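Chemist: My questions all concern the structure below.
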Protein chains: 2
Amino acid sequence: MFGVTILGNNSALPAFDRHPTAQIVTLNEQLFLIDCGEGTQMQIAKYRIRTGKINYILISHLHGDHYFGLIGFLTSMSLLNREKPIHLFAPKALEAIIQLQLNVANTNLSYPLIFHPIEQEGVLFQHHQFTIEAFATKHRIECWGFKIYEKKLPRKINKEKVLEFEIPMAYYEELQKGKDYINKFGITIKNEIVTIANTPAKSYAFCADTIYDETLVEKIKAVNVLYHEATYLNADTDKAAQRFHSTTIQAASIAKQAEVKLLLLGHFSSKYENLDEFLVEASSIFPKTALALEGITFKII
Amino acid sequence: MFGVTILGNNSALPAFDRHPTAQIVTLNEQLFLIDCGEGTQMQIAKYRIRTGKINYILISHLHGDHYFGLIGFLTSMSLLNREKPIHLFAPKALEAIIQLQLNVANTNLSYPLIFHPIEQEGVLFQHHQFTIEAFATKHRIECWGFKIYEKKLPRKINKEKVLEFEIPMAYYEELQKGKDYINKFGITIKNEIVTIANTPAKSYAFCADTIYDETLVEKIKAVNVLYHEATYLNADTDKAAQRFHSTTIQAASIAKQAEVKLLLLGHFSSKYENLDEFLVEASSIFPKTALALEGITFKII
């Protein structure tokens with residue numbers, strides 16, 4: 001399972017029961033929390049996200065609608081006596097804010113909070129199942145987008161066949177790389193008999209807040225699912241640029257140039273109650289578009 | 001109108017759709033926000049509180065469930081281009097936390113935020129219609145309770161009569177104090193003809209978080225409505241003391257000793273889904289008790 005669940009899709013001010021930015025990426029048994037606006041812990045409870053599985057938190061930038069819920073989430077995990085570490089990737093200044101808030105409350109977290117300041121583009125974290133990368137976006141303050149992608153070996157084990165040919169488990173990883181197996185009688189078992197071709201590794205990119213910026217295209221080229229903000233409709237293109245935000249048409253244009261499989265639009269301005277027009281406009285440029293509606297889980301296809 | 005609207009009544013962890021502490025006190029055209037846990041701005045929207053009228057914010061202490069929603073509320077007011085000042089009364093350390101969060105976002109508020117650090121018990125603010133006082137409570141960290149009380153002159157103007165006797169408006173305040181009026185013909189208009197006796201000035205006390213502490217009784221003696229925390233039921237008296245919180249029986253005992261007119265119980269622990277027993281236990285000691293349920297406005301009687 002590789003998917004993204006939307007917890008908040010509104011910009012700046014909460015409105016119309018839409019919440020500030022927060023998303024949960026699920027990759028097998030790992031959960032990643034991307035951004036954490038105010039009320040995220042309530043949204044997590046509402047959508048029954050298993051908080052114990054959230055081991056990685058990524059914060060794009062330090063505008064409040066992207067992180068004011070973080071301190072509450074972190075201290076709640078402590079009240080619940082969490083012991084497993086949390087890895088937090090964020091702009092450097094966040095560390096002092098968290099520390100100050102823990103200090104005034106005379107609180108020590110019950111678990112290790114491992115702070116990774118984001119200092120440059122590139123790989124933030126390597127795990128045997130996935131990689132997390134950061135890339136810069138152009139916003140009013142320092143802002144980072146994130147790419148999470150699976151790591152996959154080219155071949156998948158055929159469970160029945162490996163048992164039938166009595167191949168030891170220790171050799172599975174070599175099989176997954178495409179190697180043949182020579183058994184104790186010196187007989188070669190051809191790789192394609194005991195494995196099947198794997199599906200290609202998939203990727204998700206979260207473009208945070210950004211002005212229309214074609215340099216993003218290379219950074220997110222051909223990801224499977226792209227989240228790109230669309231704070232405004234096309235009529236507000238000037239306002240979008242002034243505020244370092246994007247429109248529907250701009251988000252769709254980036255998705256088209258990057259040749260992604262699915263575009264998710266979010267970070268809607270509080271001036272819009274009805275969001276239908278966002279989909280109409282964006283899909284005129286890039287038909288494989290969906291609105292990042294709260295509570296929906298999009299599979300990374 | 002003098003009343004208190006409950007926006008959040010839960011302790012520490014949000015649970016069962018109960019929110020962390022926040023209350024709105026309404027006194028005529030003035031609104032006071034007391035404490036501001038995470039999500040308060042959403043609760044304010046839900047219950048259609050007129051944010052433009054909130055000119056005073058009181059923060060009891062710097063545990064997150066009492067103030068993590070403040071920065072979001074303050075910045076949202078700025079996004080809405082508020083111009084009127086907000087007076088914020090809080091422990092001194094809060095100022096640096098707010099300033100740091102505004103700095104990293106490169107934000108200047110659109111309105112003056114006037115920070116009043118609470119440094120000792122006594123009057124925090126005098127207004128011609130009300131007084132705000134702070135008193136210390138005993139909690140794990142520095143913690144303040146608040147008393148808001150009306151200022152009233154002894155007599156109320158009888159609007160028909162003052163017109164009938166052509167008494168100039170400039171003299172109304174003297175009438176309210178009980179003085180007679182001598183008109184241009186030298187005739188004395190007796191005060192009781194043009195005024196009526198006023199109702200006594202009323203008061204509300206918010207006891208924040210506190211261990212059972214009988215020294216509170218004198219500080220809140222005979223207030224009309226008392227909010228006292230009851231984090232736990234009586235069976236958890238030991239746990240309450242360890243954590244510097246109170247039980248139902250303890251809250252009711254304080255209310256009884258202070259001879260208040262109505263006791264509101266709140267700050268319920270997340271371990272309790274059903275709150276019925278809180279009312280049963282407290283009213284066995286002090287019958288004029290109500291649960292501070294969210295969305296309800298209690299008149300200061």
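Ligands are numbered from 1 in the order shown, chains are lettered A, B, ... in the order of the structure tokens, and residues start at 1 in each chain.
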Kindly assemble as CSV a list of the chain B residues that lie within 9 Å of chain A, each paired with its nearest atom pair and their distance in Å to one decimal, using only C-alpha atoms, sorted first by chain and then by ascending residue number.
Modeler:
```
residue,atom,partner,partner_atom,distance
B:Ala12,CA,A:Ser76,CA,7.6
B:Leu13,CA,A:Ser76,CA,6.1
B:Pro14,CA,A:Met42,CA,7.1
B:Ala15,CA,A:Met42,CA,8.4
B:Asp17,CA,A:Met42,CA,8.3
B:His19,CA,A:Met42,CA,9.0
B:Glu38,CA,A:Gly39,CA,6.3
B:Gly39,CA,A:Gly39,CA,5.3
B:Gln41,CA,A:Pro14,CA,8.2
B:Met42,CA,A:Pro14,CA,7.1
B:Ala45,CA,A:Ala15,CA,8.3
B:Lys46,CA,A:Asp17,CA,8.9
B:His61,CA,A:Ala105,CA,8.5
B:Leu62,CA,A:Ala105,CA,5.7
B:His63,CA,A:Ala105,CA,5.3
B:Gly64,CA,A:Gly72,CA,6.7
B:Asp65,CA,A:Gly72,CA,7.9
B:Phe68,CA,A:Gly72,CA,6.8
B:Gly69,CA,A:Glu38,CA,7.3
B:Ile71,CA,A:Phe68,CA,7.6
B:Gly72,CA,A:Gly64,CA,6.7
B:Thr75,CA,A:Gly64,CA,7.9
B:Ser76,CA,A:Leu13,CA,6.1
B:Leu79,CA,A:Leu13,CA,7.6
B:Leu80,CA,A:Leu13,CA,8.7
B:Ala93,CA,A:Val104,CA,7.0
B:Leu94,CA,A:Val104,CA,8.4
B:Ala96,CA,A:Leu100,CA,8.8
B:Ile97,CA,A:Ile97,CA,7.0
B:Leu100,CA,A:Ile97,CA,7.0
B:Gln101,CA,A:Ile97,CA,7.2
B:Leu102,CA,A:His63,CA,8.8
B:Val104,CA,A:Leu62,CA,6.4
B:Ala105,CA,A:His63,CA,5.3
B:Asn106,CA,A:Ile141,CA,7.5
B:Thr107,CA,A:His63,CA,8.9
B:Arg140,CA,A:Asn106,CA,8.5
B:Ile141,CA,A:Ala105,CA,6.9
```
Chemist: For Gln242 of chain A, please output as a count of residues only all residues within 12 Å (counting only C-alpha atoms; exclusion window: fewer than 5 positions along the same chain).
Modeler: 9
Chemist: Extract the full set of strand (DSSP E) residues from segment 42-289 of chain A according to DSSP on the backbone, and format it as a ChimeraX atom specification.
Modeler: /A:54-58,86-90,113-117,122-126,130-136,144-150,155-157,181-182,188-189,195-197,203-206,225-229,262-266,289
Chemist: Please provide chain A as a CSV table (one decimal) with C-alpha atoms, in the first residue's frame, once it has been superposed on chain B by least squares across all sequentially paired Cα atoms.
Modeler:
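Full text of part_5.csv as output:
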```csv
chain,number,residue,atom,x,y,z
A,1,MET,CA,-25.8,40.4,29.0
A,2,PHE,CA,-23.1,38.8,31.1
A,3,GLY,CA,-22.4,35.1,30.3
A,4,VAL,CA,-19.8,32.5,29.6
A,5,THR,CA,-19.8,30.3,26.5
A,6,ILE,CA,-17.8,27.0,26.7
A,7,LEU,CA,-15.6,26.3,23.7
A,8,GLY,CA,-13.5,23.5,25.2
A,9,ASN,CA,-13.9,21.5,28.4
A,10,ASN,CA,-11.3,18.7,28.1
A,11,SER,CA,-8.0,18.3,29.8
A,12,ALA,CA,-4.6,17.6,28.1
A,13,LEU,CA,-5.6,15.2,25.2
A,14,PRO,CA,-8.6,16.1,23.0
A,15,ALA,CA,-11.0,13.2,23.2
A,16,PHE,CA,-14.6,12.2,22.4
A,17,ASP,CA,-15.0,15.4,20.4
A,18,ARG,CA,-14.2,17.4,23.5
A,19,HIS,CA,-11.7,20.2,23.0
A,20,PRO,CA,-8.9,21.7,25.2
A,21,THR,CA,-9.8,24.6,27.4
A,22,ALA,CA,-11.3,27.8,26.0
A,23,GLN,CA,-14.1,30.0,27.1
A,24,ILE,CA,-15.7,33.2,25.9
A,25,VAL,CA,-17.0,35.6,28.5
A,26,THR,CA,-19.5,38.1,27.1
A,27,LEU,CA,-20.2,41.3,29.1
A,28,ASN,CA,-22.5,43.6,27.1
A,29,GLU,CA,-20.5,44.4,23.9
A,30,GLN,CA,-17.2,43.1,25.2
A,31,LEU,CA,-15.9,39.6,24.6
A,32,PHE,CA,-13.1,38.0,26.7
A,33,LEU,CA,-11.3,34.9,25.5
A,34,ILE,CA,-10.1,32.8,28.5
A,35,ASP,CA,-7.5,30.2,27.5
A,36,CYS,CA,-7.1,29.1,24.0
A,37,GLY,CA,-6.3,25.4,23.4
A,38,GLU,CA,-5.5,24.0,20.0
A,39,GLY,CA,-8.5,24.3,17.7
A,40,THR,CA,-10.1,27.3,19.5
A,41,GLN,CA,-10.4,29.3,16.3
A,42,MET,CA,-12.3,26.4,14.7
A,43,GLN,CA,-14.6,26.3,17.8
A,44,ILE,CA,-15.1,30.1,17.6
A,45,ALA,CA,-16.2,29.7,14.0
A,46,LYS,CA,-18.5,26.7,14.9
A,47,TYR,CA,-20.3,28.7,17.6
A,48,ARG,CA,-20.3,31.9,15.5
A,49,ILE,CA,-18.5,34.0,18.1
A,50,ARG,CA,-17.9,37.5,16.8
A,51,THR,CA,-14.1,37.6,16.8
A,52,GLY,CA,-14.1,41.4,16.1
A,53,LYS,CA,-15.5,41.9,19.6
A,54,ILE,CA,-12.8,39.9,21.4
A,55,ASN,CA,-10.6,42.7,22.8
A,56,TYR,CA,-9.2,40.8,25.8
A,57,ILE,CA,-7.5,37.5,26.0
A,58,LEU,CA,-6.5,35.9,29.3
A,59,ILE,CA,-4.1,32.9,29.4
A,60,SER,CA,-4.0,31.0,32.7
A,61,HIS,CA,-0.7,29.1,32.2
A,62,LEU,CA,1.6,27.6,29.6
A,63,HIS,CA,0.5,24.0,29.5
A,64,GLY,CA,-0.3,23.4,25.8
A,65,ASP,CA,-3.9,22.5,26.3
A,66,HIS,CA,-4.5,26.1,27.5
A,67,TYR,CA,-2.6,28.1,24.8
A,68,PHE,CA,-1.5,26.1,21.7
A,69,GLY,CA,-4.4,27.6,19.8
A,70,LEU,CA,-3.4,31.2,20.6
A,71,ILE,CA,-0.8,31.8,17.9
A,72,GLY,CA,-3.3,30.5,15.2
A,73,PHE,CA,-6.0,32.8,16.5
A,74,LEU,CA,-3.8,35.8,16.6
A,75,THR,CA,-2.4,35.3,13.1
A,76,SER,CA,-5.8,34.6,11.7
A,77,MET,CA,-7.0,37.9,13.0
A,78,SER,CA,-4.2,39.5,11.2
A,79,LEU,CA,-5.0,37.7,7.9
A,80,LEU,CA,-8.5,39.1,8.3
A,81,ASN,CA,-6.9,42.6,8.6
A,82,ARG,CA,-8.1,43.3,12.1
A,83,GLU,CA,-7.0,46.8,13.2
A,84,LYS,CA,-8.4,47.0,16.8
A,85,PRO,CA,-5.8,46.2,19.5
A,86,ILE,CA,-6.0,43.0,21.4
A,87,HIS,CA,-4.9,43.1,25.1
A,88,LEU,CA,-3.3,39.8,26.0
A,89,PHE,CA,-2.8,38.9,29.7
A,90,ALA,CA,-0.5,35.9,30.3
A,91,PRO,CA,2.5,34.6,32.0
A,92,LYS,CA,5.6,36.5,30.8
A,93,ALA,CA,7.2,33.7,28.9
A,94,LEU,CA,4.4,33.6,26.3
A,95,GLU,CA,5.6,36.9,24.8
A,96,ALA,CA,8.8,35.4,23.5
A,97,ILE,CA,7.0,32.3,22.1
A,98,ILE,CA,4.7,34.5,20.1
A,99,GLN,CA,7.4,36.8,18.9
A,100,LEU,CA,9.6,33.8,17.8
A,101,GLN,CA,6.7,32.4,15.8
A,102,LEU,CA,6.0,35.7,14.1
A,103,ASN,CA,9.7,36.2,13.3
A,104,VAL,CA,10.2,32.9,11.6
A,105,ALA,CA,7.2,33.5,9.4
A,106,ASN,CA,8.3,37.1,8.7
A,107,THR,CA,4.9,38.3,9.9
A,108,ASN,CA,3.9,41.6,11.4
A,109,LEU,CA,0.4,41.5,12.8
A,110,SER,CA,-2.1,43.9,11.2
A,111,TYR,CA,-3.2,45.2,14.7
A,112,PRO,CA,-1.5,46.1,18.0
A,113,LEU,CA,-1.0,43.1,20.3
A,114,ILE,CA,-0.6,44.6,23.8
A,115,PHE,CA,1.0,42.1,26.0
A,116,HIS,CA,0.4,42.4,29.7
A,117,PRO,CA,2.6,40.0,31.7
A,118,ILE,CA,0.9,38.8,34.8
A,119,GLU,CA,3.2,39.3,37.6
A,120,GLN,CA,1.2,39.4,40.8
A,121,GLU,CA,-2.3,38.9,42.2
A,122,GLY,CA,-4.8,41.7,41.9
A,123,VAL,CA,-6.3,44.0,39.3
A,124,LEU,CA,-5.1,43.4,35.8
A,125,PHE,CA,-7.3,45.9,34.0
A,126,GLN,CA,-9.8,48.5,34.8
A,127,HIS,CA,-12.6,49.5,32.3
A,128,HIS,CA,-15.6,51.7,33.1
A,129,GLN,CA,-17.8,48.7,32.7
A,130,PHE,CA,-15.7,45.9,34.3
A,131,THR,CA,-12.6,44.9,36.2
A,132,ILE,CA,-10.3,42.0,35.5
A,133,GLU,CA,-8.4,40.5,38.4
A,134,ALA,CA,-5.9,37.6,38.6
A,135,PHE,CA,-5.3,35.3,41.5
A,136,ALA,CA,-2.7,32.5,41.8
A,137,THR,CA,-3.7,28.9,41.7
A,138,LYS,CA,-1.6,25.9,42.8
A,139,HIS,CA,-0.5,23.9,39.8
A,140,ARG,CA,2.7,22.2,38.5
A,141,ILE,CA,3.8,25.5,36.9
A,142,GLU,CA,2.9,29.2,37.4
A,143,CYS,CA,-0.9,29.4,37.0
A,144,TRP,CA,-3.5,32.2,37.3
A,145,GLY,CA,-7.2,32.2,37.9
A,146,PHE,CA,-9.3,35.2,36.7
A,147,LYS,CA,-12.2,37.1,38.1
A,148,ILE,CA,-14.2,39.4,35.8
A,149,TYR,CA,-16.8,41.6,37.5
A,150,GLU,CA,-19.1,44.3,36.4
A,151,LYS,CA,-18.9,47.8,37.6
A,152,LYS,CA,-22.3,49.3,38.3
A,153,LEU,CA,-23.6,52.5,39.8
A,154,PRO,CA,-26.3,51.9,42.4
A,155,ARG,CA,-29.2,53.4,40.4
A,156,LYS,CA,-30.5,52.9,36.8
A,157,ILE,CA,-31.9,55.7,34.8
A,158,ASN,CA,-35.7,55.6,34.2
A,159,LYS,CA,-35.6,56.6,30.6
A,160,GLU,CA,-39.2,57.9,30.4
A,161,LYS,CA,-38.9,59.9,33.6
A,162,VAL,CA,-35.6,61.7,32.8
A,163,LEU,CA,-37.2,62.9,29.5
A,164,GLU,CA,-40.4,63.9,31.3
A,165,PHE,CA,-38.4,66.0,33.8
A,166,GLU,CA,-36.0,67.3,31.1
A,167,ILE,CA,-32.9,66.2,32.9
A,168,PRO,CA,-29.8,66.8,30.7
A,169,MET,CA,-27.9,63.6,29.8
A,170,ALA,CA,-24.7,65.1,31.3
A,171,TYR,CA,-26.3,64.7,34.7
A,172,TYR,CA,-27.2,61.0,34.3
A,173,GLU,CA,-24.1,59.7,36.0
A,174,GLU,CA,-24.8,61.7,39.1
A,175,LEU,CA,-28.4,60.4,39.1
A,176,GLN,CA,-27.0,56.9,38.9
A,177,LYS,CA,-25.0,57.6,42.0
A,178,GLY,CA,-28.2,58.5,43.8
A,179,LYS,CA,-28.1,62.4,43.7
A,180,ASP,CA,-31.2,64.5,43.4
A,181,TYR,CA,-31.6,67.0,40.5
A,182,ILE,CA,-32.4,70.7,40.8
A,183,ASN,CA,-33.9,72.0,37.6
A,184,LYS,CA,-33.7,75.5,36.1
A,185,PHE,CA,-36.7,76.7,38.2
A,186,GLY,CA,-34.9,75.6,41.4
A,187,ILE,CA,-37.2,72.6,41.9
A,188,THR,CA,-35.7,69.5,43.4
A,189,ILE,CA,-36.5,66.3,41.5
A,190,LYS,CA,-36.0,63.5,44.0
A,191,ASN,CA,-33.7,60.8,42.7
A,192,GLU,CA,-36.1,57.9,43.3
A,193,ILE,CA,-38.6,59.5,40.9
A,194,VAL,CA,-36.2,59.3,37.9
A,195,THR,CA,-34.2,56.3,38.7
A,196,ILE,CA,-34.7,52.7,39.8
A,197,ALA,CA,-32.5,50.5,42.0
A,198,ASN,CA,-29.9,48.7,39.9
A,199,THR,CA,-29.3,45.0,40.2
A,200,PRO,CA,-26.1,44.2,42.1
A,201,ALA,CA,-22.9,43.9,40.1
A,202,LYS,CA,-22.1,40.3,39.1
A,203,SER,CA,-18.9,38.4,38.8
A,204,TYR,CA,-17.4,35.4,37.2
A,205,ALA,CA,-14.4,33.5,38.4
A,206,PHE,CA,-12.3,31.0,36.4
A,207,CYS,CA,-10.1,28.9,38.6
A,208,ALA,CA,-7.9,27.5,35.8
A,209,ASP,CA,-6.0,24.3,36.7
A,210,THR,CA,-5.5,23.8,40.4
A,211,ILE,CA,-4.9,21.2,43.1
A,212,TYR,CA,-7.6,21.3,45.9
A,213,ASP,CA,-6.7,24.5,47.7
A,214,GLU,CA,-8.9,26.1,50.4
A,215,THR,CA,-7.0,29.4,50.1
A,216,LEU,CA,-8.9,29.9,46.9
A,217,VAL,CA,-12.2,30.3,48.8
A,218,GLU,CA,-11.4,33.8,50.0
A,219,LYS,CA,-10.2,34.9,46.5
A,220,ILE,CA,-13.5,33.9,44.8
A,221,LYS,CA,-15.9,34.4,47.7
A,222,ALA,CA,-19.5,34.9,46.7
A,223,VAL,CA,-18.9,35.2,42.9
A,224,ASN,CA,-22.0,34.5,40.9
A,225,VAL,CA,-20.6,31.8,38.7
A,226,LEU,CA,-17.5,29.8,39.5
A,227,TYR,CA,-15.7,27.7,37.0
A,228,HIS,CA,-13.6,25.1,38.9
A,229,GLU,CA,-11.7,22.3,37.2
A,230,ALA,CA,-12.7,18.7,38.0
A,231,THR,CA,-10.3,16.6,36.0
A,232,TYR,CA,-11.1,13.5,38.0
A,233,LEU,CA,-13.9,11.7,39.8
A,234,ASN,CA,-13.7,11.2,43.5
A,235,ALA,CA,-12.1,7.7,43.1
A,236,ASP,CA,-9.0,9.3,41.6
A,237,THR,CA,-8.4,11.7,44.5
A,238,ASP,CA,-4.8,10.5,44.9
A,239,LYS,CA,-4.0,10.9,41.2
A,240,ALA,CA,-5.6,14.3,41.2
A,241,ALA,CA,-3.3,15.5,44.0
A,242,GLN,CA,-0.2,14.0,42.4
A,243,ARG,CA,-1.0,15.9,39.2
A,244,PHE,CA,-2.0,19.1,40.8
A,245,HIS,CA,-5.6,18.7,39.7
A,246,SER,CA,-9.0,18.5,41.5
A,247,THR,CA,-11.9,16.1,41.7
A,248,THR,CA,-15.7,16.6,41.6
A,249,ILE,CA,-16.0,16.6,45.4
A,250,GLN,CA,-13.1,19.0,45.8
A,251,ALA,CA,-14.5,21.5,43.3
A,252,ALA,CA,-17.9,21.3,44.9
A,253,SER,CA,-16.5,21.8,48.3
A,254,ILE,CA,-14.7,25.0,47.2
A,255,ALA,CA,-18.0,26.2,45.6
A,256,LYS,CA,-19.8,25.5,48.8
A,257,GLN,CA,-17.3,27.2,51.1
A,258,ALA,CA,-17.2,30.2,48.7
A,259,GLU,CA,-21.0,30.4,48.6
A,260,VAL,CA,-21.2,30.9,44.9
A,261,LYS,CA,-24.5,30.9,43.0
A,262,LEU,CA,-23.5,28.4,40.3
A,263,LEU,CA,-20.6,26.0,39.9
A,264,LEU,CA,-19.4,25.0,36.4
A,265,LEU,CA,-17.2,21.9,36.2
A,266,GLY,CA,-14.7,21.3,33.4
A,267,HIS,CA,-11.3,20.1,32.3
A,268,PHE,CA,-12.4,16.5,32.2
A,269,SER,CA,-9.8,13.8,31.9
A,270,SER,CA,-9.7,12.0,28.5
A,271,LYS,CA,-10.2,8.7,30.5
A,272,TYR,CA,-13.9,9.5,30.9
A,273,GLU,CA,-16.2,9.2,27.9
A,274,ASN,CA,-19.4,9.6,29.8
A,275,LEU,CA,-19.5,12.6,32.2
A,276,ASP,CA,-22.8,11.9,34.1
A,277,GLU,CA,-20.9,10.8,37.2
A,278,PHE,CA,-19.2,14.2,37.5
A,279,LEU,CA,-22.6,15.9,38.0
A,280,VAL,CA,-23.8,13.2,40.4
A,281,GLU,CA,-20.8,13.4,42.6
A,282,ALA,CA,-20.4,17.2,42.7
A,283,SER,CA,-24.1,17.9,43.2
A,284,SER,CA,-24.1,15.6,46.3
A,285,ILE,CA,-22.0,18.3,47.9
A,286,PHE,CA,-23.2,21.4,46.0
A,287,PRO,CA,-26.5,21.1,44.2
A,288,LYS,CA,-26.1,24.2,42.1
A,289,THR,CA,-23.6,22.6,39.8
A,290,ALA,CA,-23.6,22.2,36.0
A,291,LEU,CA,-21.2,20.6,33.6
A,292,ALA,CA,-19.4,23.1,31.3
A,293,LEU,CA,-20.5,21.5,28.1
A,294,GLU,CA,-19.2,22.8,24.8
A,295,GLY,CA,-21.4,25.2,23.0
A,296,ILE,CA,-23.5,26.1,26.0
A,297,THR,CA,-23.7,29.7,27.2
A,298,PHE,CA,-24.3,30.1,30.9
A,299,LYS,CA,-25.8,33.4,32.1
A,300,ILE,CA,-24.0,34.9,35.0
A,301,ILE,CA,-27.0,34.9,37.3
```
Chemist: May I have all residues of segment 120-169 of chain A that DSSP, computed from the backbone, assigns to helix (DSSP H, G or I), given as a VMD selection string?
Modeler: chain A and resid 159 to 164 169
